[in-house]
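Engineer: Got a file for you: data_13.txt, compact mmCIF, C-alpha atoms and all ligand atoms.
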```
# COMPACT_ATOMS: atom_id res chain seq x y z
CA MET A 758 0.00 0.00 0.00
CA GLY A 759 1.10 3.54 -0.70
CA LEU A 760 1.74 6.10 2.02
CA ASN A 761 -1.76 7.58 1.91
CA GLY A 762 -3.44 4.21 1.80
CA GLY A 763 -3.88 4.36 -1.97
CA VAL A 764 -2.27 1.64 -4.04
CA LYS A 765 0.18 3.14 -6.53
CA ILE A 766 0.51 1.50 -9.91
CA THR A 767 3.01 2.63 -12.51
CA VAL A 768 2.66 1.43 -16.10
CA LEU A 769 5.19 1.64 -18.93
CA ALA A 770 3.20 2.26 -22.10
CA GLY A 771 3.24 2.97 -25.81
CA GLY A 772 0.24 4.22 -27.80
CA VAL A 773 -2.62 1.95 -28.80
CA GLY A 774 -1.73 -1.19 -26.79
CA GLY A 775 -0.84 1.02 -23.84
CA ALA A 776 -4.10 2.98 -24.07
CA ARG A 777 -6.29 -0.12 -24.17
CA PHE A 778 -4.46 -1.66 -21.27
CA LEU A 779 -4.69 1.52 -19.17
CA ARG A 780 -8.41 1.79 -19.87
CA GLY A 781 -8.86 -1.77 -18.60
CA LEU A 782 -6.72 -1.08 -15.55
CA ARG A 783 -8.74 2.02 -14.70
CA THR A 784 -11.98 -0.01 -14.88
CA GLN A 785 -10.52 -2.78 -12.75
CA LEU A 786 -9.24 -0.43 -10.04
CA ARG A 787 -12.56 1.37 -9.81
CA LYS A 788 -14.06 -2.04 -9.00
CA ALA A 789 -11.30 -3.33 -6.72
CA TYR A 790 -10.51 -0.07 -4.87
CA PRO A 791 -13.63 2.15 -5.16
CA ASN A 792 -13.43 5.60 -3.60
CA GLY A 793 -17.20 5.89 -3.26
CA ASP A 794 -17.25 8.58 -5.92
CA GLY A 795 -17.25 6.39 -9.01
CA GLY A 796 -13.47 6.64 -9.08
CA SER A 797 -10.74 4.69 -7.34
CA SER A 798 -8.47 5.28 -4.38
CA ALA A 799 -5.71 3.58 -6.37
CA GLU A 800 -3.41 5.84 -8.35
CA ILE A 801 -2.29 4.99 -11.87
CA THR A 802 0.72 6.69 -13.41
CA ALA A 803 1.61 5.99 -17.04
CA VAL A 804 5.22 6.46 -18.16
CA VAL A 805 4.76 7.00 -21.86
CA ASN A 806 7.03 6.58 -24.88
CA THR A 807 7.86 9.87 -26.59
CA GLY A 808 10.16 8.39 -29.24
CA ASP A 809 7.46 8.83 -31.90
CA ASP A 810 7.22 12.58 -31.24
CA MET A 811 8.09 15.07 -33.96
CA TRP A 812 7.81 18.64 -35.12
CA LEU A 813 5.35 18.72 -38.00
CA THR A 814 3.94 21.85 -39.66
CA GLY A 815 5.57 23.83 -36.86
CA LEU A 816 3.81 21.88 -34.13
CA ARG A 817 4.94 19.35 -31.55
CA VAL A 818 3.09 16.09 -32.11
CA CYS A 819 3.20 13.33 -29.44
CA PRO A 820 1.36 10.33 -30.91
CA ASP A 821 1.53 7.94 -27.96
CA LEU A 822 0.65 10.49 -25.28
CA ASP A 823 -2.30 11.61 -27.40
CA SER A 824 -3.54 8.07 -28.09
CA ILE A 825 -3.66 7.47 -24.36
CA MET A 826 -5.17 10.87 -23.51
CA TYR A 827 -7.91 10.55 -26.14
CA THR A 828 -8.69 6.93 -25.30
CA LEU A 829 -8.98 7.59 -21.56
CA GLY A 830 -10.86 10.81 -22.26
CA GLY A 831 -13.42 8.96 -24.40
CA ALA A 832 -12.48 10.99 -27.49
CA ASN A 833 -10.46 8.42 -29.42
CA ASP A 834 -11.57 7.15 -32.82
CA ASP A 835 -11.73 3.52 -31.74
CA GLU A 836 -12.65 2.25 -35.19
CA ARG A 837 -9.61 3.76 -36.88
CA GLY A 838 -7.56 3.12 -33.74
CA TRP A 839 -5.99 6.60 -33.43
CA GLY A 840 -6.90 10.28 -33.53
CA ARG A 841 -10.15 11.98 -32.54
CA LYS A 842 -13.61 10.65 -33.31
CA ASP A 843 -15.92 12.90 -35.37
CA GLU A 844 -12.82 14.36 -36.97
CA SER A 845 -12.57 16.54 -40.12
CA GLU A 846 -9.57 17.48 -42.23
CA ARG A 847 -10.09 20.99 -43.56
CA VAL A 848 -6.90 22.46 -42.10
CA SER A 849 -4.91 19.48 -43.32
CA ALA A 850 -6.09 20.18 -46.89
CA GLU A 851 -4.86 23.77 -46.56
CA LEU A 852 -1.47 22.62 -45.28
CA THR A 853 -1.19 20.22 -48.23
CA ALA A 854 -2.02 23.09 -50.60
CA TYR A 855 0.94 24.99 -49.10
CA GLY A 856 3.09 21.91 -49.55
CA ILE A 857 3.94 21.47 -45.88
CA GLY A 858 3.54 18.49 -43.60
CA TRP A 859 3.47 14.85 -44.63
CA PRO A 860 0.58 14.08 -47.00
CA TRP A 861 0.49 10.49 -45.70
CA PHE A 862 0.30 11.59 -42.03
CA THR A 863 -3.14 12.97 -41.37
CA LEU A 864 -3.54 15.71 -38.81
CA GLY A 865 -7.26 16.16 -38.21
CA ASP A 866 -8.69 19.55 -37.30
CA LEU A 867 -9.57 18.62 -33.72
CA ASP A 868 -6.26 16.86 -33.26
CA LEU A 869 -4.44 19.95 -34.55
CA GLY A 870 -6.06 21.87 -31.70
CA THR A 871 -4.17 19.63 -29.26
CA HIS A 872 -0.87 20.13 -31.09
CA ILE A 873 -1.34 23.90 -31.22
CA ALA A 874 -2.10 24.01 -27.50
CA ARG A 875 0.90 21.81 -26.69
CA SER A 876 3.24 23.86 -28.88
CA SER A 877 1.94 27.01 -27.26
CA PHE A 878 2.67 25.64 -23.76
CA LEU A 879 6.16 24.57 -24.84
CA ARG A 880 6.83 27.95 -26.38
CA ASP A 881 5.80 29.55 -23.09
CA GLY A 882 8.58 27.54 -21.46
CA LEU A 883 6.64 24.66 -19.90
CA THR A 884 8.33 21.26 -19.89
CA LEU A 885 6.65 18.47 -21.84
CA THR A 886 5.59 17.00 -18.49
CA GLU A 887 3.86 20.26 -17.55
CA ALA A 888 2.35 20.73 -21.01
CA THR A 889 1.00 17.16 -20.91
CA ALA A 890 -0.60 17.77 -17.51
CA ARG A 891 -2.23 20.96 -18.81
CA LEU A 892 -3.67 19.14 -21.84
CA ALA A 893 -4.85 16.21 -19.73
CA GLU A 894 -6.77 18.49 -17.29
CA ARG A 895 -9.46 18.83 -19.92
CA TRP A 896 -9.87 15.09 -20.49
CA ASN A 897 -9.99 13.87 -16.93
CA PRO A 898 -8.22 10.63 -17.87
CA GLY A 899 -8.10 9.18 -14.34
CA VAL A 900 -4.44 8.29 -15.00
CA ARG A 901 -1.45 10.56 -14.52
CA LEU A 902 0.28 10.84 -17.90
CA LEU A 903 4.04 11.30 -17.78
CA PRO A 904 6.31 11.54 -20.80
CA MET A 905 9.33 9.28 -20.22
CA SER A 906 11.64 12.30 -20.55
CA ASP A 907 11.43 16.06 -20.98
CA GLN A 908 14.31 15.95 -23.45
CA PRO A 909 13.31 15.07 -27.01
CA VAL A 910 14.32 11.54 -28.02
CA GLU A 911 13.19 10.63 -31.54
CA THR A 912 13.31 7.16 -32.99
CA HIS A 913 14.74 7.14 -36.50
CA VAL A 914 15.00 4.11 -38.74
CA ASP A 915 17.77 3.09 -41.09
CA ILE A 916 16.10 1.68 -44.24
CA LEU A 917 16.96 0.68 -47.80
CA VAL A 918 14.56 2.14 -50.38
CA ASP A 919 15.18 1.19 -54.03
CA GLY A 920 18.75 0.28 -53.17
CA LYS A 921 19.37 3.63 -51.45
CA ARG A 922 20.06 3.97 -47.75
CA ARG A 923 17.84 6.47 -45.97
CA ILE A 924 17.40 7.44 -42.35
CA VAL A 925 13.79 8.41 -41.72
CA HIS A 926 11.64 9.29 -38.74
CA PHE A 927 9.96 6.24 -37.23
CA GLU A 928 6.50 7.49 -38.26
CA GLU A 929 7.61 7.70 -41.89
CA TRP A 930 8.70 4.06 -41.88
CA TRP A 931 5.60 3.00 -39.93
CA VAL A 932 2.87 5.00 -41.68
CA LYS A 933 4.20 5.78 -45.16
CA TYR A 934 5.99 2.48 -45.76
CA ARG A 935 3.74 0.43 -43.44
CA ALA A 936 7.00 -1.12 -42.17
CA THR A 937 7.29 -3.09 -45.42
CA VAL A 938 10.85 -1.98 -46.21
CA PRO A 939 13.14 -3.82 -43.84
CA ALA A 940 14.63 -1.78 -41.01
CA GLN A 941 18.40 -2.19 -40.61
CA ARG A 942 18.45 -0.55 -37.18
CA PHE A 943 16.72 1.97 -34.91
CA ILE A 944 18.46 5.11 -33.76
CA GLN A 945 17.35 7.06 -30.67
CA VAL A 946 18.26 10.58 -31.72
CA GLY A 947 18.99 12.75 -28.67
CA VAL A 948 19.08 9.89 -26.19
CA ASP A 949 22.54 10.72 -24.82
CA ALA A 950 21.27 14.04 -23.49
CA ALA A 951 18.02 12.58 -22.13
CA LYS A 952 17.10 11.45 -18.66
CA PRO A 953 13.93 10.21 -16.98
CA THR A 954 12.03 13.12 -15.44
CA PRO A 955 11.97 13.51 -11.64
CA SER A 956 8.24 12.60 -11.74
CA VAL A 957 9.01 9.39 -13.61
CA LEU A 958 11.74 8.42 -11.15
CA ARG A 959 9.38 9.10 -8.24
CA ALA A 960 6.58 7.07 -9.88
CA ILE A 961 8.96 4.12 -10.26
CA GLU A 962 10.40 4.44 -6.77
CA GLN A 963 7.06 4.87 -4.98
CA ALA A 964 5.07 2.29 -6.97
CA ASP A 965 3.50 -0.70 -5.25
CA VAL A 966 3.27 -2.48 -8.60
CA ILE A 967 4.96 -1.77 -11.93
CA LEU A 968 3.28 -3.07 -15.07
CA VAL A 969 4.71 -3.26 -18.58
CA ALA A 970 1.77 -2.80 -20.96
CA PRO A 971 1.39 -5.02 -24.04
CA SER A 972 3.04 -2.34 -26.14
CA ASN A 973 5.62 -2.59 -28.90
CA PRO A 974 8.68 -4.13 -27.19
CA VAL A 975 11.13 -2.32 -29.46
CA VAL A 976 9.87 1.15 -30.38
CA SER A 977 7.62 1.78 -27.35
CA ILE A 978 8.91 -0.11 -24.29
CA GLY A 979 12.42 -0.44 -25.78
CA THR A 980 12.57 3.32 -26.30
CA ILE A 981 11.52 4.01 -22.69
CA LEU A 982 14.15 1.53 -21.42
CA GLY A 983 16.75 3.22 -23.63
CA VAL A 984 16.62 6.49 -21.67
CA PRO A 985 19.84 6.55 -19.62
CA GLY A 986 19.03 5.76 -15.98
CA MET A 987 15.63 4.18 -16.67
CA ARG A 988 16.73 0.55 -16.39
CA GLN A 989 18.63 1.24 -13.19
CA ALA A 990 15.60 2.98 -11.68
CA LEU A 991 13.38 0.02 -12.56
CA HIS A 992 15.91 -2.45 -11.29
CA GLY A 993 16.10 -0.65 -7.96
CA ALA A 994 12.33 -0.32 -7.50
CA ARG A 995 10.78 -2.07 -4.50
CA ALA A 996 7.67 -3.01 -6.52
CA PRO A 997 7.32 -6.24 -8.49
CA ILE A 998 7.48 -5.74 -12.27
CA VAL A 999 4.90 -7.63 -14.32
CA GLY A 1000 4.81 -7.57 -18.12
CA VAL A 1001 1.99 -8.44 -20.51
CA SER A 1002 2.90 -10.00 -23.85
CA PRO A 1003 1.91 -8.00 -26.95
CA ILE A 1004 2.57 -11.15 -28.97
CA ILE A 1005 0.03 -13.98 -29.17
CA SER A 1006 0.66 -17.16 -31.19
CA GLY A 1007 3.72 -15.74 -32.91
CA ALA A 1008 2.05 -12.56 -34.17
CA ALA A 1009 1.48 -9.00 -33.00
CA VAL A 1010 -2.13 -8.63 -31.94
CA ARG A 1011 -2.62 -5.33 -33.75
CA GLY A 1012 -0.05 -3.63 -35.91
CA MET A 1013 3.37 -4.60 -37.19
CA ALA A 1014 5.54 -5.14 -34.14
CA ASP A 1015 7.02 -8.21 -35.82
CA ALA A 1016 8.90 -5.95 -38.26
CA CYS A 1017 10.54 -4.18 -35.30
CA LEU A 1018 11.43 -7.41 -33.49
CA THR A 1019 12.92 -8.90 -36.67
CA ALA A 1020 15.08 -5.80 -37.11
CA ILE A 1021 16.69 -6.31 -33.70
CA GLY A 1022 17.00 -10.08 -34.13
CA VAL A 1023 14.28 -11.14 -31.70
CA GLU A 1024 11.77 -13.80 -32.74
CA THR A 1025 8.11 -12.76 -32.75
CA THR A 1026 7.00 -15.00 -29.89
CA ALA A 1027 5.79 -14.29 -26.37
CA ALA A 1028 8.76 -16.27 -25.01
CA ALA A 1029 11.39 -14.46 -27.06
CA VAL A 1030 10.05 -11.05 -25.99
CA ALA A 1031 10.15 -12.11 -22.32
CA LYS A 1032 13.75 -13.30 -22.71
CA HIS A 1033 14.60 -10.08 -24.49
CA TYR A 1034 13.28 -8.10 -21.49
CA GLY A 1035 15.10 -10.53 -19.22
CA ALA A 1036 14.56 -11.83 -15.68
CA ARG A 1037 15.01 -9.15 -13.05
CA THR A 1038 16.89 -11.56 -10.81
CA ARG A 1039 19.43 -11.84 -13.62
CA GLY A 1040 19.84 -8.15 -14.38
CA GLY A 1041 16.78 -7.85 -16.64
CA LEU A 1042 13.38 -6.21 -16.28
CA LEU A 1043 10.73 -8.77 -15.37
CA ASP A 1044 9.64 -10.55 -12.21
CA ALA A 1045 6.53 -11.96 -13.88
CA TRP A 1046 5.02 -12.24 -17.36
CA LEU A 1047 1.60 -12.98 -18.78
CA VAL A 1048 1.21 -15.07 -21.91
CA ASP A 1049 -1.94 -16.04 -23.76
CA GLU A 1050 -3.48 -19.50 -23.52
CA ALA A 1051 -2.22 -20.11 -27.07
CA ASP A 1052 1.34 -19.77 -25.72
CA ALA A 1053 0.88 -21.93 -22.61
CA ALA A 1054 3.84 -24.11 -23.59
CA ALA A 1055 6.21 -21.19 -22.98
CA ALA A 1056 5.24 -20.84 -19.30
CA PRO A 1057 7.33 -23.60 -17.66
CA VAL A 1058 10.39 -22.70 -19.73
CA LEU A 1059 10.21 -19.01 -18.83
CA THR A 1060 9.45 -19.73 -15.17
CA ALA A 1061 12.53 -21.95 -15.04
CA ALA A 1062 14.48 -19.04 -16.58
CA GLY A 1063 13.49 -16.82 -13.65
CA ILE A 1064 10.39 -15.10 -15.08
CA ARG A 1065 7.28 -16.34 -13.24
CA THR A 1066 4.88 -16.83 -16.14
CA THR A 1067 1.08 -17.02 -15.92
CA VAL A 1068 -1.27 -18.17 -18.68
CA VAL A 1069 -4.41 -16.02 -19.16
CA PRO A 1070 -6.44 -14.68 -22.11
CA LEU A 1071 -4.57 -11.66 -23.49
CA TRP A 1072 -7.06 -10.25 -26.00
CA MET A 1073 -8.43 -6.85 -25.00
CA ASN A 1074 -11.63 -6.97 -27.04
CA ASP A 1075 -13.88 -4.90 -24.79
CA ALA A 1076 -14.12 -3.32 -21.35
CA ASP A 1077 -14.58 -6.66 -19.56
CA THR A 1078 -11.69 -8.53 -21.19
CA SER A 1079 -9.39 -5.52 -20.74
CA ALA A 1080 -10.32 -5.16 -17.06
CA GLN A 1081 -9.84 -8.90 -16.50
CA LEU A 1082 -6.38 -8.71 -18.07
CA ALA A 1083 -5.49 -5.89 -15.68
CA ALA A 1084 -6.82 -7.97 -12.76
CA ASP A 1085 -4.66 -10.89 -13.88
CA ALA A 1086 -1.59 -8.66 -14.12
CA LEU A 1087 -2.19 -7.37 -10.57
CA ALA A 1088 -2.72 -10.94 -9.36
CA ALA A 1089 0.61 -11.93 -10.93
CA ALA A 1090 2.16 -9.16 -8.83
CA ARG A 1091 0.41 -10.81 -5.86
CA PHE A 1092 -1.87 -7.82 -5.39
P1 LIG B 1 1.55 2.09 -30.72
O1 LIG B 1 2.48 3.04 -30.02
O2 LIG B 1 0.26 2.72 -31.11
O3 LIG B 1 2.20 1.27 -31.76
O4 LIG B 1 1.08 1.10 -29.60
P2 LIG B 1 1.80 0.26 -28.50
O5 LIG B 1 3.26 0.24 -28.63
O6 LIG B 1 1.21 0.61 -27.19
O7 LIG B 1 1.16 -1.13 -28.78
C1 LIG B 1 1.31 -1.85 -29.94
C2 LIG B 1 1.20 -3.30 -29.51
O8 LIG B 1 -0.01 -3.52 -28.81
C3 LIG B 1 1.20 -4.23 -30.67
O9 LIG B 1 2.47 -4.83 -30.73
C4 LIG B 1 0.12 -5.24 -30.33
O10 LIG B 1 0.64 -6.53 -30.39
C5 LIG B 1 -0.32 -4.89 -28.91
N1 LIG B 1 -1.75 -5.06 -28.69
C6 LIG B 1 -2.75 -4.36 -29.28
N2 LIG B 1 -3.95 -4.86 -28.90
C7 LIG B 1 -3.69 -5.89 -28.03
C8 LIG B 1 -4.52 -6.82 -27.29
O11 LIG B 1 -5.75 -6.82 -27.36
N3 LIG B 1 -3.86 -7.73 -26.50
C9 LIG B 1 -2.49 -7.79 -26.40
N4 LIG B 1 -1.94 -8.71 -25.61
N5 LIG B 1 -1.70 -6.94 -27.11
C10 LIG B 1 -2.29 -6.01 -27.90
CA CA B 2 3.78 4.64 -30.90
```
Would you write the structure of this file as structure tokens?
Ligand code: GDP
Ligand code: CA
Structural biologist:
Amino acid sequence: MGLNGGVKITVLAGGVGGARFLRGLRTQLRKAYPNGDGGSSAEITAVVNTGDDMWLTGLRVCPDLDSIMYTLGGANDDERGWGRKDESERVSAELTAYGIGWPWFTLGDLDLGTHIARSSFLRDGLTLTEATARLAERWNPGVRLLPMSDQPVETHVDILVDGKRRIVHFEEWWVKYRATVPAQRFIQVGVDAAKPTPSVLRAIEQADVILVAPSNPVVSIGTILGVPGMRQALHGARAPIVGVSPIISGAAVRGMADACLTAIGVETTAAAVAKHYGARTRGGLLDAWLVDEADAAAAPVLTAAGIRTTVVPLWMNDADTSAQLAADALAAARF
């Protein structure tokens, strides 16, 4: 239990997988630790990947923070998977007419409002942490959203296009090329000058449970872990660290995470991702790991390798299955 009696849960998260998982966790905690007000006495803090961030049309865009903020705020376009629902693209058409921006990267009108507000806060001298808190005030997400770092760290990808080597922003490889051109390697531009924010370090240190969302192990969780000092902070935390596999039956549940894993030489299986994260007792990240029923065979092997592995359904299809997954993750932490 936390100091004020409220359980503190810290979650490492990327965009879509992170958002779905956090929504389920919020539901579960409202049930398990109700505060009598429809909310929960438990506190959730999300440490979010900012490696996909970029300056676009003069504005700071933070795709993973926004996916989580919109999803928890009930404003996400759940059908498309990202961006705002009831969106229009009039401004985007104007920007295209001026020849700025990326024609393949849609910025909807409502979404642009967020980016303008964020850029305005940053220009006023707020840190990204402060700007994120200001944006989130409006959405009442029920989760504290923390960027992993206040220093910009952008993931770039080394690719071969028509025999020519190019280094592009991660979103260009992901959205324009749909990750179909093989990645040679990922580069975290700016990482040497980055550090976890004081709020992130506190959230890790004070947590009763730390959860690793079923997010992309390379360009979401891997990017967070790549911030100098982050692994040490996690390693030193008093809380158990439980991860949820984003891979079921040898495939990414949604999206193209397999292309990222292949690029770093990790097999697309729940077991290989767990081994890549490593057992905490052996210098790695994880105390416990959840795999889907389809991957039950991996459990004894991983447990023997020092990662206590539980077999539960991992599909987050709706509110109930997502909340149950969160409950299972907390149970694996013995909570
Ligand atoms: P992104 O930043 O939007 O790419 O999202 P994340 O990094 O948070 O998550 C992407 C990962 O979420 C993908 O690798 C998927 O495998 C995983 N994912 C999405 N939906 C589910 C689900 O229902 N269950 C599980 N276990 N993983 C999921
Ligand atoms: Ca992302």
Engineer: Just want the residues within 7 Å of ligand LIG 1 (chain B), written as a PyMOL selection string, counting only C-alpha atoms and all ligand atoms.
Structural biologist: chain A and resi 770-776+821+971-973+976-977+1001-1005+1009-1014+1071-1074
Engineer: Report as a ChimeraX atom specification all protein, DNA and RNA residues lying within 6 Å of region 816-819 of chain A, evaluated on all atoms listed in the file, omitting residues in the same chain fewer than 4 positions from it.
Structural biologist: /A:810-812,872,876
Engineer: Can you work out which one of A:Ser824, A:Thr814, A:Ser797, A:Thr1026 has the shortest atom-to-atom distance to ligand CA 2 (chain B), counting all atoms listed in the file?
Structural biologist: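 Checking each candidate against ligand CA 2 (chain B), we get A:Ser824 as the closest.
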Engineer: What does the distance from CA of Gln1081 (chain A) to CA of Ala832 (chain A) come to in Å, to one decimal?
Structural biologist: 22.9 Å
Engineer: Separation of CA of Gly1000 (chain A) and CA of Asn806 (chain A), in Å?
Structural biologist: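 Calculated distance between CA of Gly1000 (chain A) and CA of Asn806 (chain A) is 15.8 Å.
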Engineer: Enumerate, as a list of chain:residue names, the protein, DNA and RNA residues whose atoms approach (-8.4, 7.0, -3.8) to within 10 Å, taking into account only C-alpha atoms and the coordinate frame of the file.
Structural biologist: A:Asn761, A:Gly762, A:Gly763, A:Val764, A:Lys765, A:Leu786, A:Arg787, A:Tyr790, A:Pro791, A:Asn792, A:Gly793, A:Asp794, A:Gly796, A:Ser797, A:Ser798, A:Ala799, A:Glu800
Engineer: What separation in Å, quoted to one decimal, exists between CA of Val975 (chain A) and CA of Phe943 (chain A)?
Structural biologist: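 CA of Val975 (chain A) sits 8.9 Å away from CA of Phe943 (chain A).
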Engineer: Would you list the contacts of region 1059-1069 of chain A as an NGL selection string, taking every protein, DNA or RNA residue within 12 Å and counting all atoms listed in the file, but skipping same-chain residues closer than 6 positions in sequence?
Structural biologist: :A and (997-1002 or 1005 or 1027-1053 or 1078-1079 or 1081-1091)
Engineer: With distances taken over only C-alpha atoms, which residue among A:Gly947, A:Pro985, A:Pro904, A:Pro974 lies nearest Ala960 (chain A)?
Structural biologist: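 Between A:Gly947, A:Pro985, A:Pro904, A:Pro974, the residue approaching Ala960 (chain A) most closely is A:Pro904.
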Engineer: Set the distance at 10 Å and use all atoms listed in the file: which residues neighbour Lys933 (chain A) once local chain neighbours fewer than 3 positions away are removed? I'd like the list as a ChimeraX atom specification.
Structural biologist: /A:859-862,927-930,936-937
Engineer: Please, which residues in region 798-867 of chain A fall within 12 Å of region 955-958 of chain A when counting all atoms listed in the file, and what is the closest atom pair and distance in Å to one decimal for each, ordered by chain then residue number, as CSV?
Structural biologist:
```
residue,atom,partner,partner_atom,distance
A:Thr802,CA,A:Val957,CA,8.7
A:Ala803,CA,A:Val957,CA,8.8
A:Val804,CA,A:Val957,CA,6.6
A:Val805,CA,A:Val957,CA,9.6
A:Asn806,CA,A:Val957,CA,11.8
```
Engineer: Point out the residue among A:Ile1021, A:Ile967, A:Ala994, A:Leu903 with the least atom-to-atom distance to Thr884 (chain A), counting all atoms listed in the file.
Structural biologist: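 Smallest separation from Thr884 (chain A) among the options: A:Leu903.
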Engineer: Which of these, A:Gln989, A:Thr912, A:Ser845, A:Gln785, has the shortest distance to ligand CA 2 (chain B) once you count only C-alpha atoms and all ligand atoms?
Structural biologist: A:Thr912
Engineer: Which of these, A:Thr767, A:Thr886, A:Thr1019, A:Thr807, has the shortest distance to ligand CA 2 (chain B) once you count only C-alpha atoms and all ligand atoms?
Structural biologist: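 The closest residue to ligand CA 2 (chain B) is A:Thr807.
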